[in-house]
Every structure is written in C-alpha cells, then in structure tokens.
Amino acid sequence: MFIRRTLPLLVAGFFGIATIIQFFVPHPASRTFYNMVLDWMIIVTAFTYLMAVQSTIELHTTKIKRKVEGWQYSLVVLISLGITAFIGILGGAFTPSTILMKLIPAFKPSSTSPLMYTYLYMQVPMQSTIFSLLAFYMASAAFRSFKARSFDATMLLVTAAIVTIGRVPLGEFIYKGFPEIIEWILKYPNMAAQRGILIGVELGMIATSLKIILGIERKYLGGGK
Amino acid sequence: MKFVNFINNIDKRWIYLLVALVVIIPFVFPVGCPMRITPPVQSMYNYIEDSIPENGVLLVGIDYDPSTMAELHPMAKALTYHAFYNNLRVLFVTMYPQGSGMGQDIIDKTLTQWNSANPENQKELGRDITLLAYVPGVSAVMLKMGENIPATFNEDAYGNKLENLPVMDGIKTYNNLNYMVELAGSSVVLSWLMYANGRYKMKMGIGTTAVSAAEYYSYLQSGQSNGLLGGLKGAAEYEKLITENHGYAGRKDASVGMDAQSSAHIFFILLIVLGNIVFFIKKYKEGK
C-alpha cells in the first residue's frame, strides 16, 4: 500500500512544491536542483518508451493467442515492430552504422540507412495516404451533415464557407476583399472565442496540478474507481 | 422532387470520385491564381530578412510527421532556403521521434538542391545546418535547452559531438539563437510558446496546418509570436516572397498545390450549398 499509493503521492507532492519554490529562488543550489530534475524527467520519459513497447507486444501477443477477430493484423504489427527495431539497432538511424558497413561494404558513411529507407518509402507514403483520405470523408460529411438547421448552425456554416473560400487564391480571384475579411474574422471573433477557451483550459490545468500536488487528485495512480 | 431525391441519395463514391478529379486535374492543367501576401507571413519573412545578422542562428522545430508533411514540409524547405540566402546557420530540433526523419529529409533535399544551384556558396552539413538528436521529454527538453543546449543533446542526429560542429559555435542557450520557427500540427506549439518564449523570451514564429492556424491568432496579437504560416497557403506565400526577393528557382512544392487546394475548397463549398438547397426543398415539400 505504501509503495503503490502513499509513496507516489509524497513524490508528486514534494517535486511539485519544490519546483514551484525553485522558480522563485535564483540561488545556484536551486538551479542545480532544477537541472537535475530536468535530467530525471528526460530519463523517466525515455523509460516510458520501453513500457510502450512492452505494452504493445503484450496486447498484440494476447490477441494472437486468443485468435480474436483481426488477429492477423496483430501479427503484422509485431513482425513490423521486430524488423524495424532490428534494422534500426543494427543499421543505424540516418547514416549506416559501423557494424552494417562492415557486414555490407556497399553501405558507405554517406549513404542512407535502411531504417531511413523504410521511413521514406514505407511509413511516409502510408501515413500520408491515410491522412489524405480525410479529404474524401470530409467532402461526403460536409454534403450530408453541414446543414443550416438553426441560427447557430447557419452562422457556423456561413463563417466556415467564407473562411474556406477566402483561404485559397481562387477566393481572392473571385473577390479581392476576401483576405481582409478572413483576417478580420480570425483576428477578432475567432480570437475572442479562442482566448476565452484558452483561459478556461489554463485555469483547469492549474486547478488539476494543484489537486495532484496536494494529493486530492489520485486517478493517475490507477486502480481506483 | 426526382432531382432532389437523386441528390439526397447520391452514392458517396461519386463524391469521392469528384474529389479525386478536382484535386488531380489542377495538377495536370495548372491555372496559377494570383496570391497576396498576408501580414503574418510578411512579418515572419521580414524578421528573418532584416533582423538576423549574417551567421546568426535560426532554430526550426520539426514537430510533425508524414500525416501533415504536405503542409509543413514546404514551409521547412522555404525557411531553410531563406536562411541559406541570408547566410544564416540552421538548427533543426524535434520533440517527435518521427520528426527526425522529416528533418533529415529536408536537410538532404535542400543541401543537394542548394549546392547544385549555388556552386559559389556551398552549404555543408555540420557547418551551416544540422539536426539535433531526438531526446524524449518534450517540456523537459525545452526547459533544459534554456539552461544548456549542448548538454541537452550532446550529439546531432548523425552522431557527431555538438562541441565539434562549427554550426554550434557560440551556442549555449536560447539567448544565443536569433529566432525560432516552430512547425507543427499539434499542441506542441503551445509548449514552445510557454517554455521557450514565455520563460526564456525566445523570439518565435509559428508554422502550422490550415486547420490549426486559427488557434494561434491570440499569440500573434499578444506578441508571443511575430509571424504565422497557416497551411499550404502560408507556405506558398513564403515561397513567393523568396522567389521575388532572392530569385528562388527551385521547385515550389506549396505553390504547385495551391490550384488543387483552391478547386477542392470551391468544390466543398458547392457541396455544402447543394446539400442545403436539397435540405430546404425537402423541408418545404414535407411541410406542405
């Protein structure tokens, strides 16, 4: 109980308060502490990647074992993960590693690494394609759902139409004043609304941070209802 | 009513086909609509052009992945070219593992194209430009950069010690960098604004996707950012500026896409208008 709940609460509380105090104390010892905390944060984040890999492997292995629907895709994920990690560790990230150059003399220090090849010629086209599909879905959704059903919806529709048309050169070609109208919409009504939302979000962040530091908010520990 | 029913029940695959056509046709038959430079783009350009001394340092945040590269890659390319024209040093930094590949791609392409077009002013990796190694931690990395940049990264992404690179001469903290342009389609822009700009007073500009651009007007007005490139059009405007002022003659990735984007936007508007006409006719008929 102490290790799983009390200790994390004490650690969060201590570092939260210490970091706030540090901000207002420009003493060298305070700066050393601050730099040390930053280094720790970087190290801890690096370990979260290991946890992410472990979690991915566990999730997909379970799916394969249980032969859940679409388990074949999990197999693809695990094989891709294994191959990418292998060629990355053995072959180097951007330029070929020394081991790779010894094994395959065709690889020179200036050539692109196999990992970069997989990135440029597999990941980039796949990810770009998936994202590009959004345009098709958006077109269909705009046609079917973007209707002026109420006053609010009409306002949204008219503004969206003006901004959409005015953000491209063809809009400017149709009516020269479009860029000014767009700038006005973005600079005044849009900014007023955005700023209100942002202030709300930031106040929420401060409140949540304080609750975590004081041990009131404990959901991040997991296990609770 | 027959026409209304036909439009109302149209198979979405026809819409998909039309979207594909309105995007592809302008690439084959470009129109080249005239384009005016918007103030946030001009402001960023002016700052890099007039306020950074020769051999100054431009930090470019490559915090995007292939999903948004269509909009952000041309910005990174245009900014790098602009820095080269003004003999500035360029440092790429990324908070995303995938951003490293994007940064590497930009460095490869710009160096090759620049060096073949400008044999009298060759640029070199490690001397004029480099990509800092990826270090996990986002906010911790940004804060640590304010204390000691070489100690944060130790190496560039190619495995060279930063202390041995001429591009890093005299660079210790944000104070030694002249300007930063953060390119991202996510909220990581806010972290840069909060930490690099807010805490360490780093002068900043933002390059983001068209859909996110509206979010950052507050920061333009407050002066936390002095320029904003919004989507493909922002990149195209920047390309136009370096073409007009520096005679850039390379491929204009963003400008090439502007006709396609224009026609796609017009098509979207037509779809919305048509959808609403059908909606109101149906409502009227049903009301009768």
# chains A, B, ... in the order shown; residues from 1 in each chain; ligands from 1
call {"tool": "select_by_dssp", "arguments": {"residues": "segment 14-221 of chain A", "states": "alpha helix (DSSP H)", "output": "PyMOL selection string"}}
result
chain A and resi 14-24+28-66+71-91+98-103+114-118+124-145+151-166+169-174+178-185+191-213
call {"tool": "closest_atom_pairs", "arguments": {"of": "chain A", "to": "chain B", "cutoff": "6 Å", "atoms": "only C-alpha atoms", "output": "tab-separated table"}}
result
residue	atom	partner	partner_atom	distance
A:Leu38	CA	B:Ala140	CA	5.3
A:Ile42	CA	B:Gly137	CA	4.8
A:Thr45	CA	B:Gly137	CA	5.4
A:Ala46	CA	B:Pro136	CA	5.8
A:Val124	CA	B:Pro66	CA	5.1
A:Gln127	CA	B:Ser67	CA	5.4
A:Ser128	CA	B:Ser67	CA	4.6
A:Phe131	CA	B:Ser67	CA	5.4
A:Phe136	CA	B:Tyr16	CA	5.4
A:Ala142	CA	B:Ile272	CA	5.8
A:Phe143	CA	B:Ile272	CA	5.0
A:Lys147	CA	B:Asn276	CA	5.6
A:Val168	CA	B:Ser262	CA	5.2
A:Pro169	CA	B:Met35	CA	5.3
A:Leu170	CA	B:Ser262	CA	5.5
A:Met191	CA	B:Ser218	CA	5.6
call {"tool": "write_last_selection", "arguments": {"atoms": "C-alpha atoms", "output": "PDB file, in the first residue's frame"}}
result
ATOM      1  CA  LEU A  38      15.008  18.153 -15.836  1.00  0.00           C
ATOM      2  CA  ILE A  42      14.154  13.129 -19.646  1.00  0.00           C
ATOM      3  CA  THR A  45      10.349   9.716 -20.333  1.00  0.00           C
ATOM      4  CA  ALA A  46      12.872   7.503 -22.142  1.00  0.00           C
ATOM      5  CA  VAL A 124       5.763   8.320 -45.271  1.00  0.00           C
ATOM      6  CA  GLN A 127       0.789   7.717 -43.253  1.00  0.00           C
ATOM      7  CA  SER A 128       0.286  10.466 -45.866  1.00  0.00           C
ATOM      8  CA  PHE A 131      -4.375  11.242 -43.686  1.00  0.00           C
ATOM      9  CA  PHE A 136     -12.843  12.326 -49.104  1.00  0.00           C
ATOM     10  CA  ALA A 142     -19.959  18.257 -45.487  1.00  0.00           C
ATOM     11  CA  PHE A 143     -22.546  17.381 -48.119  1.00  0.00           C
ATOM     12  CA  LYS A 147     -26.960  21.949 -42.792  1.00  0.00           C
ATOM     13  CA  VAL A 168      -7.220  29.973 -51.180  1.00  0.00           C
ATOM     14  CA  PRO A 169      -6.008  32.132 -54.095  1.00  0.00           C
ATOM     15  CA  LEU A 170      -9.143  31.340 -56.104  1.00  0.00           C
ATOM     16  CA  MET A 191      -9.507  35.261 -31.256  1.00  0.00           C
TER      17      MET A 191
END
call {"tool": "closest_residue", "arguments": {"among": "B:Gly227, B:Gly56, B:Gly170, B:Gly247", "to": "Met44 of chain B", "atoms": "only C-alpha atoms"}}
result
B:Gly227
call {"tool": "atom_distance", "arguments": {"atom1": "atom CA of Ala29 of chain A", "atom2": "atom CA of Asn154 of chain B"}}
result
23.5 Å
call {"tool": "select_by_dssp", "arguments": {"residues": "segment 118-274 of chain B", "states": "strand (DSSP E or B)", "output": "PyMOL selection string"}}
result
chain B and resi 125+129-132+155-156+161+179-184+204-208+228-230
call {"tool": "atom_distance", "arguments": {"atom1": "atom CA of Lys203 of chain B", "atom2": "atom CA of Ala18 of chain A"}}
result
28.8 Å
call {"tool": "atom_distance", "arguments": {"atom1": "atom CA of Asn190 of chain A", "atom2": "atom CA of Thr94 of chain B"}}
result
29.3 Å
call {"tool": "residues_around", "arguments": {"residues": "Ser97 of chain A", "least_positions_apart": "6", "cutoff": "8 Å", "atoms": "only C-alpha atoms", "output": "PyMOL selection string"}}
result
chain A and resi 90-91+109+113
call {"tool": "write_last_selection", "arguments": {"atoms": "C-alpha atoms", "output": "compact mmCIF listing (two decimals), in the first residue's frame"}}
result
# COMPACT_ATOMS: atom_id res chain seq x y z
CA LEU A 90 21.89 -2.92 -36.36
CA GLY A 91 21.85 -0.50 -39.30
CA PRO A 109 29.16 6.56 -44.32
CA SER A 113 20.47 3.85 -43.68
call {"tool": "residues_around", "arguments": {"residues": "Tyr179 of chain B", "least_positions_apart": "6", "cutoff": "12 Å", "atoms": "only C-alpha atoms", "output": "MDAnalysis selection string"}}
result
chainID B and resid 44:45 47:53 56:61 79 83 88:91 196:197 201:206 225:227
call {"tool": "closest_residue", "arguments": {"among": "B:Gly185, B:Gly223, B:Gly257, B:Gly250", "to": "Ser43 of chain B", "atoms": "only C-alpha atoms"}}
result
B:Gly223
call {"tool": "residues_around", "arguments": {"residues": "Phe33 of chain A", "least_positions_apart": "5", "cutoff": "9 Å", "atoms": "only C-alpha atoms", "output": "PyMOL selection string"}}
result
chain A and resi 19+22+28+38
call {"tool": "write_last_selection", "arguments": {"atoms": "C-alpha atoms", "output": "compact mmCIF listing (two decimals), in the first residue's frame"}}
result
# COMPACT_ATOMS: atom_id res chain seq x y z
CA THR A 19 9.69 23.02 -8.40
CA GLN A 22 12.69 26.76 -7.15
CA PRO A 28 22.83 28.36 -7.53
CA LEU A 38 15.01 18.15 -15.84
